[in-house]
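Structure file protein_20.txt (compact mmCIF, C-alpha atoms and all ligand atoms) is printed below.
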```
# COMPACT_ATOMS: atom_id res chain seq x y z
CA MET C 1 82.24 -100.33 -0.45
CA LYS C 2 84.73 -102.02 -2.74
CA ASN C 3 87.90 -100.30 -3.89
CA ILE C 4 87.85 -100.36 -7.65
CA ILE C 5 90.30 -98.90 -10.14
CA LEU C 6 89.58 -98.01 -13.72
CA THR C 7 92.03 -96.27 -15.99
CA GLY C 8 93.17 -96.40 -19.57
CA ASP C 9 95.00 -94.94 -22.53
CA ARG C 10 94.17 -94.03 -26.07
CA PRO C 11 95.87 -96.34 -28.56
CA THR C 12 97.33 -93.65 -30.78
CA GLY C 13 101.00 -94.57 -30.37
CA LYS C 14 103.40 -96.61 -28.33
CA LEU C 15 103.64 -95.58 -24.70
CA HIS C 16 106.60 -93.46 -23.61
CA ILE C 17 108.40 -92.73 -20.36
CA GLY C 18 105.97 -89.87 -19.66
CA HIS C 19 103.14 -92.42 -19.54
CA TYR C 20 105.37 -94.64 -17.42
CA VAL C 21 106.11 -92.18 -14.61
CA GLY C 22 102.79 -90.36 -14.99
CA SER C 23 100.58 -93.39 -14.57
CA LEU C 24 101.81 -96.85 -15.60
CA ARG C 25 104.35 -97.34 -12.83
CA ARG C 26 101.75 -96.34 -10.25
CA ARG C 27 99.15 -98.67 -11.68
CA VAL C 28 101.47 -101.62 -11.33
CA GLU C 29 102.20 -100.64 -7.71
CA LEU C 30 98.49 -100.31 -6.97
CA GLN C 31 97.85 -103.63 -8.69
CA ASN C 32 100.43 -105.33 -6.50
CA SER C 33 99.43 -103.52 -3.30
CA GLY C 34 96.55 -105.91 -2.70
CA LYS C 35 94.41 -102.94 -1.62
CA TYR C 36 92.04 -103.05 -4.55
CA ASP C 37 89.18 -105.47 -5.05
CA GLU C 38 88.99 -104.99 -8.80
CA ILE C 39 91.23 -103.29 -11.35
CA TYR C 40 90.25 -102.46 -14.92
CA VAL C 41 92.66 -101.13 -17.50
CA MET C 42 91.07 -100.05 -20.74
CA ILE C 43 92.52 -99.49 -24.18
CA ALA C 44 90.37 -96.55 -25.23
CA ASP C 45 90.07 -97.23 -28.95
CA ALA C 46 86.60 -95.68 -29.28
CA GLN C 47 87.92 -92.50 -27.65
CA ALA C 48 91.00 -92.59 -29.90
CA LEU C 49 88.65 -92.67 -32.89
CA THR C 50 87.01 -89.41 -31.80
CA ASP C 51 89.96 -87.59 -33.31
CA ASN C 52 91.34 -90.37 -35.51
CA PHE C 53 88.14 -91.57 -37.16
CA ASP C 54 89.83 -91.14 -40.53
CA ASN C 55 92.67 -93.45 -39.54
CA PRO C 56 91.31 -96.71 -38.13
CA ASP C 57 94.46 -98.61 -39.14
CA LYS C 58 96.51 -96.49 -36.78
CA VAL C 59 94.16 -97.14 -33.86
CA ARG C 60 93.99 -100.85 -34.60
CA ALA C 61 97.77 -101.26 -34.84
CA ASN C 62 98.34 -99.37 -31.62
CA ILE C 63 96.00 -101.59 -29.60
CA THR C 64 98.69 -104.25 -29.88
CA GLU C 65 101.45 -101.78 -29.01
CA VAL C 66 99.69 -100.46 -25.91
CA ALA C 67 98.80 -103.97 -24.74
CA LEU C 68 102.46 -104.98 -25.10
CA ASP C 69 103.55 -101.89 -23.17
CA TYR C 70 101.08 -102.71 -20.38
CA LEU C 71 102.20 -106.29 -19.99
CA ALA C 72 105.87 -105.38 -20.29
CA CYS C 73 105.53 -102.87 -17.43
CA GLY C 74 104.03 -105.51 -15.17
CA LEU C 75 100.27 -105.24 -15.50
CA ASP C 76 99.17 -108.81 -14.93
CA PRO C 77 95.98 -110.19 -16.48
CA ASN C 78 95.63 -112.47 -13.45
CA LYS C 79 95.34 -109.43 -11.22
CA CYS C 80 93.60 -106.93 -13.46
CA THR C 81 91.18 -106.92 -16.36
CA ILE C 82 92.69 -105.43 -19.50
CA PHE C 83 90.07 -104.75 -22.16
CA VAL C 84 89.22 -102.92 -25.37
CA GLN C 85 86.68 -100.09 -25.03
CA SER C 86 84.80 -100.61 -28.31
CA HIS C 87 84.08 -104.19 -27.34
CA VAL C 88 82.12 -103.15 -24.30
CA GLU C 89 79.14 -101.73 -26.14
CA GLN C 90 77.31 -100.93 -22.88
CA LEU C 91 79.67 -97.97 -22.56
CA THR C 92 78.15 -96.38 -25.64
CA GLU C 93 74.64 -96.82 -24.31
CA LEU C 94 75.56 -95.27 -20.97
CA THR C 95 77.14 -92.36 -22.81
CA PHE C 96 73.87 -91.68 -24.60
CA TYR C 97 71.92 -91.40 -21.35
CA TYR C 98 74.59 -89.31 -19.63
CA MET C 99 74.55 -86.81 -22.50
CA ASN C 100 71.18 -85.58 -21.21
CA LEU C 101 72.92 -84.44 -18.04
CA VAL C 102 75.59 -82.25 -19.66
CA THR C 103 75.30 -78.97 -21.51
CA LEU C 104 77.21 -77.93 -24.58
CA ALA C 105 78.56 -74.92 -22.67
CA ARG C 106 79.89 -77.20 -19.94
CA LEU C 107 81.72 -79.38 -22.45
CA GLU C 108 83.22 -76.37 -24.16
CA ARG C 109 84.50 -75.11 -20.81
CA ASN C 110 86.50 -78.28 -20.10
CA PRO C 111 90.10 -76.95 -20.13
CA THR C 112 91.63 -80.10 -21.61
CA VAL C 113 89.05 -80.27 -24.38
CA LYS C 114 89.42 -76.54 -24.96
CA ALA C 115 93.19 -76.84 -25.43
CA GLU C 116 92.76 -79.83 -27.74
CA LEU C 117 90.14 -78.07 -29.85
CA LYS C 118 92.48 -75.15 -30.31
CA GLN C 119 95.43 -77.35 -31.14
CA LYS C 120 93.42 -79.32 -33.71
CA ASN C 121 92.14 -76.20 -35.42
CA PHE C 122 88.59 -77.48 -35.83
CA GLY C 123 87.22 -73.93 -36.02
CA LEU C 124 83.44 -74.19 -36.16
CA SER C 125 83.52 -77.76 -37.48
CA ILE C 126 83.94 -79.57 -34.20
CA PRO C 127 83.02 -83.25 -34.49
CA MET C 128 80.35 -84.08 -31.91
CA GLY C 129 82.12 -87.29 -31.00
CA PHE C 130 85.21 -85.39 -30.01
CA LEU C 131 83.39 -82.78 -27.96
CA THR C 132 81.50 -85.43 -26.00
CA TYR C 133 84.42 -87.68 -25.17
CA PRO C 134 84.42 -86.55 -21.53
CA VAL C 135 80.87 -87.95 -21.29
CA SER C 136 82.01 -91.25 -22.73
CA GLN C 137 84.88 -91.22 -20.26
CA THR C 138 82.31 -90.88 -17.48
CA ALA C 139 80.60 -93.98 -18.84
CA ASP C 140 83.97 -95.84 -18.78
CA ILE C 141 84.53 -94.94 -15.15
CA THR C 142 81.02 -95.41 -13.80
CA ALA C 143 80.29 -98.66 -15.66
CA PHE C 144 82.82 -100.33 -13.39
CA LYS C 145 81.81 -98.35 -10.27
CA ALA C 146 85.40 -97.17 -10.09
CA THR C 147 86.35 -95.37 -6.90
CA THR C 148 89.90 -94.60 -7.97
CA VAL C 149 91.20 -93.40 -11.31
CA PRO C 150 95.00 -93.15 -11.55
CA VAL C 151 95.72 -90.66 -14.32
CA GLY C 152 97.92 -87.79 -15.41
CA GLU C 153 97.15 -84.19 -14.51
CA ASP C 154 95.54 -83.43 -17.88
CA GLN C 155 92.73 -85.84 -16.98
CA LEU C 156 91.56 -83.92 -13.89
CA PRO C 157 88.86 -82.00 -15.82
CA MET C 158 87.49 -85.36 -17.04
CA LEU C 159 87.19 -86.58 -13.47
CA GLU C 160 85.48 -83.36 -12.42
CA GLN C 161 83.03 -83.83 -15.26
CA ALA C 162 82.44 -87.44 -14.23
CA ARG C 163 81.71 -86.45 -10.65
CA GLU C 164 79.20 -83.84 -11.83
CA ILE C 165 77.39 -86.35 -14.01
CA VAL C 166 77.31 -88.89 -11.19
CA ARG C 167 75.85 -86.31 -8.83
CA SER C 168 73.15 -85.22 -11.23
CA PHE C 169 72.31 -88.82 -12.15
CA ASN C 170 72.02 -89.89 -8.51
CA GLY C 171 70.08 -86.73 -7.66
CA LEU C 172 67.55 -87.29 -10.44
CA TYR C 173 67.18 -91.05 -10.49
CA GLY C 174 68.34 -92.19 -7.07
CA GLU C 175 71.67 -93.38 -5.70
CA THR C 176 73.07 -95.63 -8.45
CA LEU C 177 76.51 -94.47 -9.58
CA VAL C 178 79.74 -94.10 -7.63
CA GLU C 179 81.71 -90.82 -7.52
CA PRO C 180 85.31 -91.48 -8.55
CA LYS C 181 88.44 -89.76 -7.37
CA ALA C 182 91.61 -89.18 -9.34
CA VAL C 183 94.99 -90.34 -8.10
CA LEU C 184 97.93 -88.31 -9.39
CA PRO C 185 101.61 -89.18 -9.05
CA GLU C 186 103.03 -87.87 -5.77
CA ASN C 187 106.30 -86.79 -7.33
CA LYS C 188 105.69 -83.42 -9.03
CA SER C 189 108.20 -84.13 -11.80
CA CYS C 190 106.09 -87.12 -12.81
CA LEU C 191 102.97 -85.05 -13.40
CA ARG C 192 104.09 -84.00 -16.82
CA LEU C 193 107.45 -85.09 -18.06
CA PRO C 194 108.74 -82.57 -20.62
CA GLY C 195 109.98 -83.68 -24.05
CA THR C 196 113.68 -84.37 -24.63
CA ASP C 197 113.72 -81.02 -26.47
CA GLY C 198 112.46 -79.11 -23.41
CA MET C 199 108.93 -78.65 -24.78
CA ALA C 200 106.25 -78.90 -22.09
CA LYS C 201 104.91 -82.25 -23.23
CA MET C 202 106.19 -85.42 -24.86
CA SER C 203 104.35 -85.90 -28.08
CA LYS C 204 104.83 -88.21 -30.98
CA SER C 205 104.31 -85.42 -33.49
CA LEU C 206 107.13 -83.39 -31.94
CA GLY C 207 109.51 -86.38 -32.03
CA ASN C 208 110.62 -85.67 -28.46
CA CYS C 209 109.66 -88.91 -26.72
CA ILE C 210 111.63 -91.79 -25.28
CA TYR C 211 109.51 -94.89 -25.83
CA LEU C 212 109.34 -97.93 -23.58
CA SER C 213 110.21 -99.97 -26.65
CA ASP C 214 113.27 -97.88 -27.70
CA SER C 215 116.53 -99.79 -28.12
CA ALA C 216 119.47 -99.11 -25.81
CA ASP C 217 121.14 -97.13 -28.62
CA GLU C 218 118.06 -95.01 -29.26
CA ILE C 219 117.74 -94.18 -25.58
CA LYS C 220 121.39 -93.17 -25.41
CA ARG C 221 121.18 -91.06 -28.54
CA LYS C 222 118.06 -89.28 -27.27
CA VAL C 223 119.54 -88.65 -23.82
CA MET C 224 122.84 -87.36 -25.19
CA SER C 225 121.07 -84.84 -27.42
CA MET C 226 118.69 -83.61 -24.72
CA TYR C 227 117.97 -79.96 -24.19
CA THR C 228 119.43 -78.69 -20.90
CA ASP C 229 119.99 -75.20 -19.56
CA PRO C 230 120.80 -73.00 -22.58
CA ASN C 231 122.74 -70.57 -20.36
CA HIS C 232 124.98 -73.27 -18.95
CA LEU C 233 127.63 -72.85 -21.63
CA LYS C 234 130.80 -73.69 -19.78
CA VAL C 235 131.17 -76.40 -17.16
CA THR C 236 132.10 -73.72 -14.64
CA ASP C 237 128.93 -71.68 -15.28
CA PRO C 238 126.22 -71.93 -12.63
CA GLY C 239 123.34 -73.96 -14.03
CA ASN C 240 119.58 -74.14 -13.65
CA THR C 241 118.11 -77.48 -12.61
CA LYS C 242 114.48 -76.35 -12.42
CA ASP C 243 113.43 -76.13 -16.06
CA ASN C 244 116.14 -78.50 -17.15
CA PRO C 245 114.65 -81.71 -18.55
CA THR C 246 117.70 -83.80 -17.62
CA PHE C 247 117.14 -82.98 -13.95
CA ILE C 248 113.36 -83.35 -14.22
CA TYR C 249 113.92 -86.87 -15.62
CA LEU C 250 116.35 -87.61 -12.79
CA ASP C 251 113.72 -86.40 -10.32
CA ALA C 252 111.28 -88.86 -11.85
CA PHE C 253 113.61 -91.84 -12.24
CA SER C 254 116.70 -91.77 -10.06
CA SER C 255 117.16 -93.15 -6.58
CA ASP C 256 120.00 -93.01 -4.05
CA GLU C 257 120.90 -96.57 -5.10
CA HIS C 258 121.49 -95.33 -8.63
CA PHE C 259 124.00 -92.83 -7.25
CA ALA C 260 125.72 -95.52 -5.22
CA ARG C 261 125.97 -97.68 -8.36
CA TYR C 262 126.86 -95.19 -11.07
CA LEU C 263 127.98 -91.90 -9.50
CA PRO C 264 129.09 -92.46 -5.91
CA GLU C 265 130.65 -89.01 -5.62
CA TYR C 266 127.12 -87.79 -4.84
CA ALA C 267 124.98 -89.36 -2.13
CA ASN C 268 121.77 -88.23 -3.77
CA LEU C 269 120.16 -86.01 -6.37
CA ASP C 270 120.11 -82.96 -4.10
CA GLU C 271 123.90 -83.00 -3.88
CA MET C 272 124.23 -83.33 -7.62
CA LYS C 273 121.77 -80.49 -8.23
CA ALA C 274 123.62 -78.25 -5.76
CA HIS C 275 126.86 -78.85 -7.68
CA TYR C 276 125.21 -78.03 -11.02
CA GLU C 277 123.64 -74.87 -9.61
CA ARG C 278 126.91 -73.70 -8.11
CA GLY C 279 128.84 -74.41 -11.32
CA GLY C 280 131.47 -77.02 -12.10
CA LEU C 281 129.27 -79.88 -13.22
CA GLY C 282 129.03 -80.46 -16.96
CA ASP C 283 125.94 -81.54 -18.91
CA MET C 284 127.80 -84.55 -20.31
CA LYS C 285 128.23 -86.04 -16.89
CA VAL C 286 124.58 -85.45 -16.01
CA LYS C 287 123.47 -87.08 -19.25
CA LYS C 288 125.74 -90.09 -18.80
CA PHE C 289 124.25 -90.68 -15.38
CA LEU C 290 120.69 -90.19 -16.66
CA ASN C 291 121.42 -92.63 -19.46
CA ALA C 292 122.64 -95.25 -16.96
CA VAL C 293 119.49 -94.80 -14.86
CA LEU C 294 117.14 -95.00 -17.83
CA GLN C 295 118.94 -98.00 -19.32
CA GLU C 296 118.66 -99.84 -16.03
CA THR C 297 114.96 -99.02 -15.70
CA LEU C 298 113.94 -99.69 -19.29
CA GLU C 299 116.07 -102.74 -20.10
CA PRO C 300 113.85 -105.29 -18.32
CA ILE C 301 110.69 -103.69 -19.77
CA ARG C 302 112.11 -103.84 -23.30
CA ALA C 303 113.26 -107.44 -22.86
CA LYS C 304 109.85 -108.52 -21.62
CA ARG C 305 108.17 -106.63 -24.44
CA GLU C 306 110.30 -108.37 -27.06
CA GLU C 307 109.44 -111.73 -25.53
CA LEU C 308 105.70 -110.97 -25.51
CA ALA C 309 105.80 -109.66 -29.07
CA LYS C 310 106.71 -113.15 -30.27
CA ASP C 311 103.14 -114.26 -29.60
CA ILE C 312 100.73 -111.50 -30.63
CA PRO C 313 97.74 -113.90 -30.90
CA ALA C 314 98.17 -114.59 -27.17
CA VAL C 315 98.02 -110.85 -26.48
CA TRP C 316 94.76 -110.56 -28.45
CA ALA C 317 93.34 -113.62 -26.69
CA MET C 318 94.06 -111.91 -23.36
CA LEU C 319 92.26 -108.75 -24.58
CA LYS C 320 89.31 -110.77 -25.79
CA GLU C 321 89.00 -112.50 -22.43
CA GLY C 322 89.30 -109.19 -20.56
CA SER C 323 86.68 -107.56 -22.79
CA LYS C 324 84.26 -110.40 -22.09
CA LYS C 325 84.62 -109.92 -18.36
CA ALA C 326 84.31 -106.13 -18.73
CA ARG C 327 81.09 -106.58 -20.73
CA GLU C 328 79.53 -108.54 -17.91
CA VAL C 329 80.37 -105.93 -15.30
CA ALA C 330 79.29 -103.01 -17.49
CA GLY C 331 76.10 -104.92 -18.34
CA ASN C 332 75.17 -105.12 -14.67
CA THR C 333 75.66 -101.38 -14.20
CA LEU C 334 73.68 -100.63 -17.34
CA ALA C 335 70.79 -102.71 -16.01
CA GLU C 336 70.84 -100.71 -12.78
CA VAL C 337 70.98 -97.46 -14.73
CA LYS C 338 67.98 -98.44 -16.85
CA LYS C 339 66.04 -99.46 -13.79
CA ALA C 340 66.83 -96.16 -12.07
CA MET C 341 65.75 -94.31 -15.23
CA LYS C 342 62.56 -96.35 -15.34
CA ILE C 343 63.30 -97.75 -18.80
CA ASP C 344 63.53 -101.36 -17.66
CA TYR C 345 60.17 -102.09 -19.27
CA PHE C 346 60.61 -105.72 -20.15
CA VAL C 347 62.49 -106.95 -17.15
CA GLU C 348 60.50 -109.77 -15.51
N1 LIG A 1 91.50 -89.91 -21.80
C1 LIG A 1 92.47 -90.90 -21.47
C2 LIG A 1 93.74 -90.60 -22.28
O1 LIG A 1 93.77 -89.66 -23.03
C3 LIG A 1 92.03 -92.30 -21.81
C4 LIG A 1 90.78 -92.71 -21.09
C5 LIG A 1 89.57 -93.00 -21.67
C6 LIG A 1 90.61 -92.85 -19.69
N2 LIG A 1 88.69 -93.32 -20.75
C7 LIG A 1 89.26 -93.25 -19.52
C8 LIG A 1 91.43 -92.66 -18.59
C9 LIG A 1 88.73 -93.45 -18.26
C10 LIG A 1 90.90 -92.87 -17.32
C11 LIG A 1 89.54 -93.25 -17.15
O2 LIG A 1 94.71 -91.31 -22.17
```
Structure re-expressed in structure tokens:
Amino acid sequence: MKNIILTGDRPTGKLHIGHYVGSLRRRVELQNSGKYDEIYVMIADAQALTDNFDNPDKVRANITEVALDYLACGLDPNKCTIFVQSHVEQLTELTFYYMNLVTLARLERNPTVKAELKQKNFGLSIPMGFLTYPVSQTADITAFKATTVPVGEDQLPMLEQAREIVRSFNGLYGETLVEPKAVLPENKSCLRLPGTDGMAKMSKSLGNCIYLSDSADEIKRKVMSMYTDPNHLKVTDPGNTKDNPTFIYLDAFSSDEHFARYLPEYANLDEMKAHYERGGLGDMKVKKFLNAVLQETLEPIRAKREELAKDIPAVWAMLKEGSKKAREVAGNTLAEVKKAMKIDYFVE
């Protein structure tokens, strides 16, 4: 069996460093590992519209932003197919058939959907499109026969749902679809990077994100005003590194080489953490080091992004090409699905 990756993001904003450590960085590694036969990266505009249907301009504008972020991070259209979800109409058709295999109660039990419904305050007026997006996500994954889906932790319920649908489809209509597995970041701090304000999640509406496109000054300003340990008032006070976003970011980004380059008094992060916990290490010093690490990591991404942004038509041409290829692959799966469901009436 082939090793196939499918993953994607909703184009509702520029991508931030949470996306980077949670999934993007890994995707680029997997892309370059040579271990995968096919890799598909999807800009999930149709899914973004399930809760932004009243704001198509936002979704449209962010397709460009997300594509730029992808390319700037090192996704390479020669090695992977980057495409736009709405332009692979077979996905919608698959969704319709899969909906027969899922109950309303099951969708309402999905913990990620449940949390989102609560947060959006839909009350009893839940748009059907929104509630069924896990089914459409199953179509995205299965259309490409993906075996591997590199995602953040919040997507695990979607993968569980996808596996259930695949099992019931194959059970009813015969072995047709492939059961996917999720791949999460190995480093626990990368699972969900907190906001710069210490809130559990980076979110545009909270204004607590560091974007891949932020200027050097913006990064510095955001790092220097980060939330740390509120009880670490004096440098000499013992500090907490566990719920401290500066240390969580260092967990996600720093390496021993960074210490050798910018802070050679510590051999590694463990030594620095031990000093902070014992007392005697000030937040300023931690932040300066974090800033140096982030600047070093993000500078080449930003530079590449600026270069790519000079030719937006080329970015759209790449997406158009990728969408064409994706349509062919999804079309083949759809034909198999229709055959399995015995609705291939007019096939010669
Ligand atoms: N739900 C994902 C997100 O919020 C985007 C997405 C849509 C996706 N379809 C997918 C991710 C299929 C992985 C596989 O970012």
request  = For atom CA of Met42 of chain C and atom CA of Lys304 of chain C, quote the distance in Å rounded to one decimal.
outcome  =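 So the two atoms, atom CA of Met42 of chain C and atom CA of Lys304 of chain C, lie 20.6 Å apart.
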request  = Within 7 Å of ligand LIG 1 (chain A), which residues show up when you count all atoms listed in the file? List them as a PyMOL selection string, please.
outcome  = chain C and resi 6-10+44+47+137-138+140-141+149+151+155
key: Within 9 Å of segment 123-127 of chain C using only C-alpha atoms, minus same-chain residues under 5 positions, as a list in words   =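 The residues satisfying every condition are Thr50, Asp51, Leu117, Lys118 and Thr132 of chain C.
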Near-Glu299 of chain C list (12 Å; only C-alpha atoms; drop same-chain fewer than 3 positions) as an NGL selection string = :C and (72-73 or 211-217 or 219 or 291-296 or 302-306)
message = Which residues are near Leu91 of chain C? Cut-off 7 Å, all atoms listed in the file, ignore same chain within fewer than 2 positions. Put them as a PyMOL selection string.
response = chain C and resi 88-89+93-95+139-140+143
Restricted to C-alpha atoms, what would the selected residues look like written as a short mmCIF file (atom, residue, chain, number, x, y, z; two decimals), keeping the file's coordinate frame?
```
data_model
loop_
_atom_site.label_atom_id
_atom_site.label_comp_id
_atom_site.auth_asym_id
_atom_site.auth_seq_id
_atom_site.Cartn_x
_atom_site.Cartn_y
_atom_site.Cartn_z
CA VAL C 88 82.12 -103.15 -24.30
CA GLU C 89 79.14 -101.73 -26.14
CA GLU C 93 74.64 -96.82 -24.31
CA LEU C 94 75.56 -95.27 -20.97
CA THR C 95 77.14 -92.36 -22.81
CA ALA C 139 80.60 -93.98 -18.84
CA ASP C 140 83.97 -95.84 -18.78
CA ALA C 143 80.29 -98.66 -15.66
#
```
key: Counting all atoms listed in the file, the option among C:Ala340, C:Leu269, C:Ile312, C:Val178 closest to Ala67 of chain C   = C:Ile312
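Each of C:Asn121, C:Lys181, C:Ser168, C:Tyr70 was compared to Ile4 of chain C using all atoms listed in the file, and C:Lys181 turns out to be the nearest.
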key: Residues within 10 Å of segment 283-289 of chain C, all atoms listed in the file, excluding chain neighbours under 3 positions, as number ranges by chain   = C: 220, 222-229, 232-235, 239, 246-247, 250, 254, 258-259, 262-263, 272-273, 276, 280, 292-295
key: One-decimal distance in Å that lies between atom CA of Asp154 of chain C and atom CA of Trp316 of chain C   = 29.1 Å
Within 8 Å of segment 15-37 of chain C: each segment 164-204 of chain C residue with its shortest pair, all atoms listed in the file, as JSON lines:
```
{"residue": "C:Leu184", "atom": "CA", "partner": "C:Gly22", "partner_atom": "CA", "distance": 7.7}
{"residue": "C:Pro185", "atom": "CA", "partner": "C:Gly22", "partner_atom": "CA", "distance": 6.2}
{"residue": "C:Cys190", "atom": "CA", "partner": "C:Gly22", "partner_atom": "CA", "distance": 5.1}
{"residue": "C:Leu191", "atom": "CA", "partner": "C:Gly22", "partner_atom": "CA", "distance": 5.5}
{"residue": "C:Arg192", "atom": "CA", "partner": "C:Gly22", "partner_atom": "CA", "distance": 6.7}
{"residue": "C:Leu193", "atom": "CA", "partner": "C:Gly18", "partner_atom": "CA", "distance": 5.3}
{"residue": "C:Pro194", "atom": "CA", "partner": "C:Gly18", "partner_atom": "CA", "distance": 7.9}
{"residue": "C:Met202", "atom": "CA", "partner": "C:Gly18", "partner_atom": "CA", "distance": 6.8}
```
query = Suppose you want the space between atom CA of Met1 of chain C and atom CA of Cys80 of chain C; what is it in Å?
reply =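 Pair atom CA of Met1 of chain C / atom CA of Cys80 of chain C returns 18.5 Å.
Closest approach to Phe83 of chain C from the set C:Glu271, C:Glu348, C:Glu321, C:Glu218 is made by C:Glu321, with distances taken over all atoms listed in the file.
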note = Shortest contact to Ile210 of chain C, candidates C:Lys14, C:Arg261, C:Arg278, C:Lys120, atoms counted all atoms listed in the file, goes to C:Lys14
Put segment 159-165 of chain C into a file with all heavy atoms, as a PDB file, in the first residue's frame.
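Okay, part-v6.pdb is ready:
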```pdb
ATOM      1  N   LEU C 159     -10.354  12.694  13.051  1.00  0.00           N
ATOM      2  CA  LEU C 159      -9.750  11.467  12.527  1.00  0.00           C
ATOM      3  C   LEU C 159     -10.508  10.235  13.014  1.00  0.00           C
ATOM      4  O   LEU C 159     -10.688   9.266  12.279  1.00  0.00           O
ATOM      5  CB  LEU C 159      -8.278  11.397  12.966  1.00  0.00           C
ATOM      6  CG  LEU C 159      -7.251  11.972  11.985  1.00  0.00           C
ATOM      7  CD1 LEU C 159      -7.146  11.077  10.753  1.00  0.00           C
ATOM      8  CD2 LEU C 159      -7.589  13.372  11.552  1.00  0.00           C
ATOM      9  N   GLU C 160     -10.960  10.293  14.258  1.00  0.00           N
ATOM     10  CA  GLU C 160     -11.745   9.191  14.815  1.00  0.00           C
ATOM     11  C   GLU C 160     -13.036   9.035  14.005  1.00  0.00           C
ATOM     12  O   GLU C 160     -13.427   7.936  13.615  1.00  0.00           O
ATOM     13  CB  GLU C 160     -12.067   9.523  16.287  1.00  0.00           C
ATOM     14  CG  GLU C 160     -12.479   8.345  17.116  1.00  0.00           C
ATOM     15  CD  GLU C 160     -11.611   7.119  16.895  1.00  0.00           C
ATOM     16  OE1 GLU C 160     -10.379   7.254  17.012  1.00  0.00           O
ATOM     17  OE2 GLU C 160     -12.178   6.045  16.590  1.00  0.00           O
ATOM     18  N   GLN C 161     -13.654  10.177  13.744  1.00  0.00           N
ATOM     19  CA  GLN C 161     -14.878  10.186  12.940  1.00  0.00           C
ATOM     20  C   GLN C 161     -14.617   9.605  11.542  1.00  0.00           C
ATOM     21  O   GLN C 161     -15.395   8.800  11.037  1.00  0.00           O
ATOM     22  CB  GLN C 161     -15.358  11.649  12.809  1.00  0.00           C
ATOM     23  CG  GLN C 161     -16.602  11.834  12.001  1.00  0.00           C
ATOM     24  CD  GLN C 161     -17.846  11.611  12.819  1.00  0.00           C
ATOM     25  OE1 GLN C 161     -18.214  12.434  13.641  1.00  0.00           O
ATOM     26  NE2 GLN C 161     -18.488  10.476  12.605  1.00  0.00           N
ATOM     27  N   ALA C 162     -13.501  10.007  10.959  1.00  0.00           N
ATOM     28  CA  ALA C 162     -13.159   9.520   9.616  1.00  0.00           C
ATOM     29  C   ALA C 162     -12.987   8.001   9.634  1.00  0.00           C
ATOM     30  O   ALA C 162     -13.488   7.305   8.754  1.00  0.00           O
ATOM     31  CB  ALA C 162     -11.891  10.203   9.109  1.00  0.00           C
ATOM     32  N   ARG C 163     -12.291   7.513  10.647  1.00  0.00           N
ATOM     33  CA  ARG C 163     -12.079   6.056  10.705  1.00  0.00           C
ATOM     34  C   ARG C 163     -13.412   5.314  10.841  1.00  0.00           C
ATOM     35  O   ARG C 163     -13.624   4.272  10.229  1.00  0.00           O
ATOM     36  CB  ARG C 163     -11.152   5.694  11.870  1.00  0.00           C
ATOM     37  CG  ARG C 163      -9.672   5.875  11.517  1.00  0.00           C
ATOM     38  CD  ARG C 163      -8.782   5.225  12.551  1.00  0.00           C
ATOM     39  NE  ARG C 163      -8.871   5.913  13.826  1.00  0.00           N
ATOM     40  CZ  ARG C 163      -8.151   6.976  14.148  1.00  0.00           C
ATOM     41  NH1 ARG C 163      -7.258   7.454  13.308  1.00  0.00           N
ATOM     42  NH2 ARG C 163      -8.289   7.562  15.308  1.00  0.00           N
ATOM     43  N   GLU C 164     -14.323   5.872  11.637  1.00  0.00           N
ATOM     44  CA  GLU C 164     -15.638   5.236  11.790  1.00  0.00           C
ATOM     45  C   GLU C 164     -16.388   5.185  10.465  1.00  0.00           C
ATOM     46  O   GLU C 164     -16.999   4.174  10.120  1.00  0.00           O
ATOM     47  CB  GLU C 164     -16.481   6.017  12.804  1.00  0.00           C
ATOM     48  CG  GLU C 164     -16.124   5.718  14.245  1.00  0.00           C
ATOM     49  CD  GLU C 164     -16.924   6.598  15.201  1.00  0.00           C
ATOM     50  OE1 GLU C 164     -18.113   6.893  14.925  1.00  0.00           O
ATOM     51  OE2 GLU C 164     -16.342   7.007  16.215  1.00  0.00           O
ATOM     52  N   ILE C 165     -16.350   6.291   9.742  1.00  0.00           N
ATOM     53  CA  ILE C 165     -17.070   6.339   8.461  1.00  0.00           C
ATOM     54  C   ILE C 165     -16.451   5.339   7.481  1.00  0.00           C
ATOM     55  O   ILE C 165     -17.164   4.616   6.787  1.00  0.00           O
ATOM     56  CB  ILE C 165     -17.081   7.775   7.885  1.00  0.00           C
ATOM     57  CG1 ILE C 165     -17.931   8.684   8.777  1.00  0.00           C
ATOM     58  CG2 ILE C 165     -17.603   7.788   6.438  1.00  0.00           C
ATOM     59  CD1 ILE C 165     -17.949  10.150   8.377  1.00  0.00           C
TER      60      ILE C 165
END
```
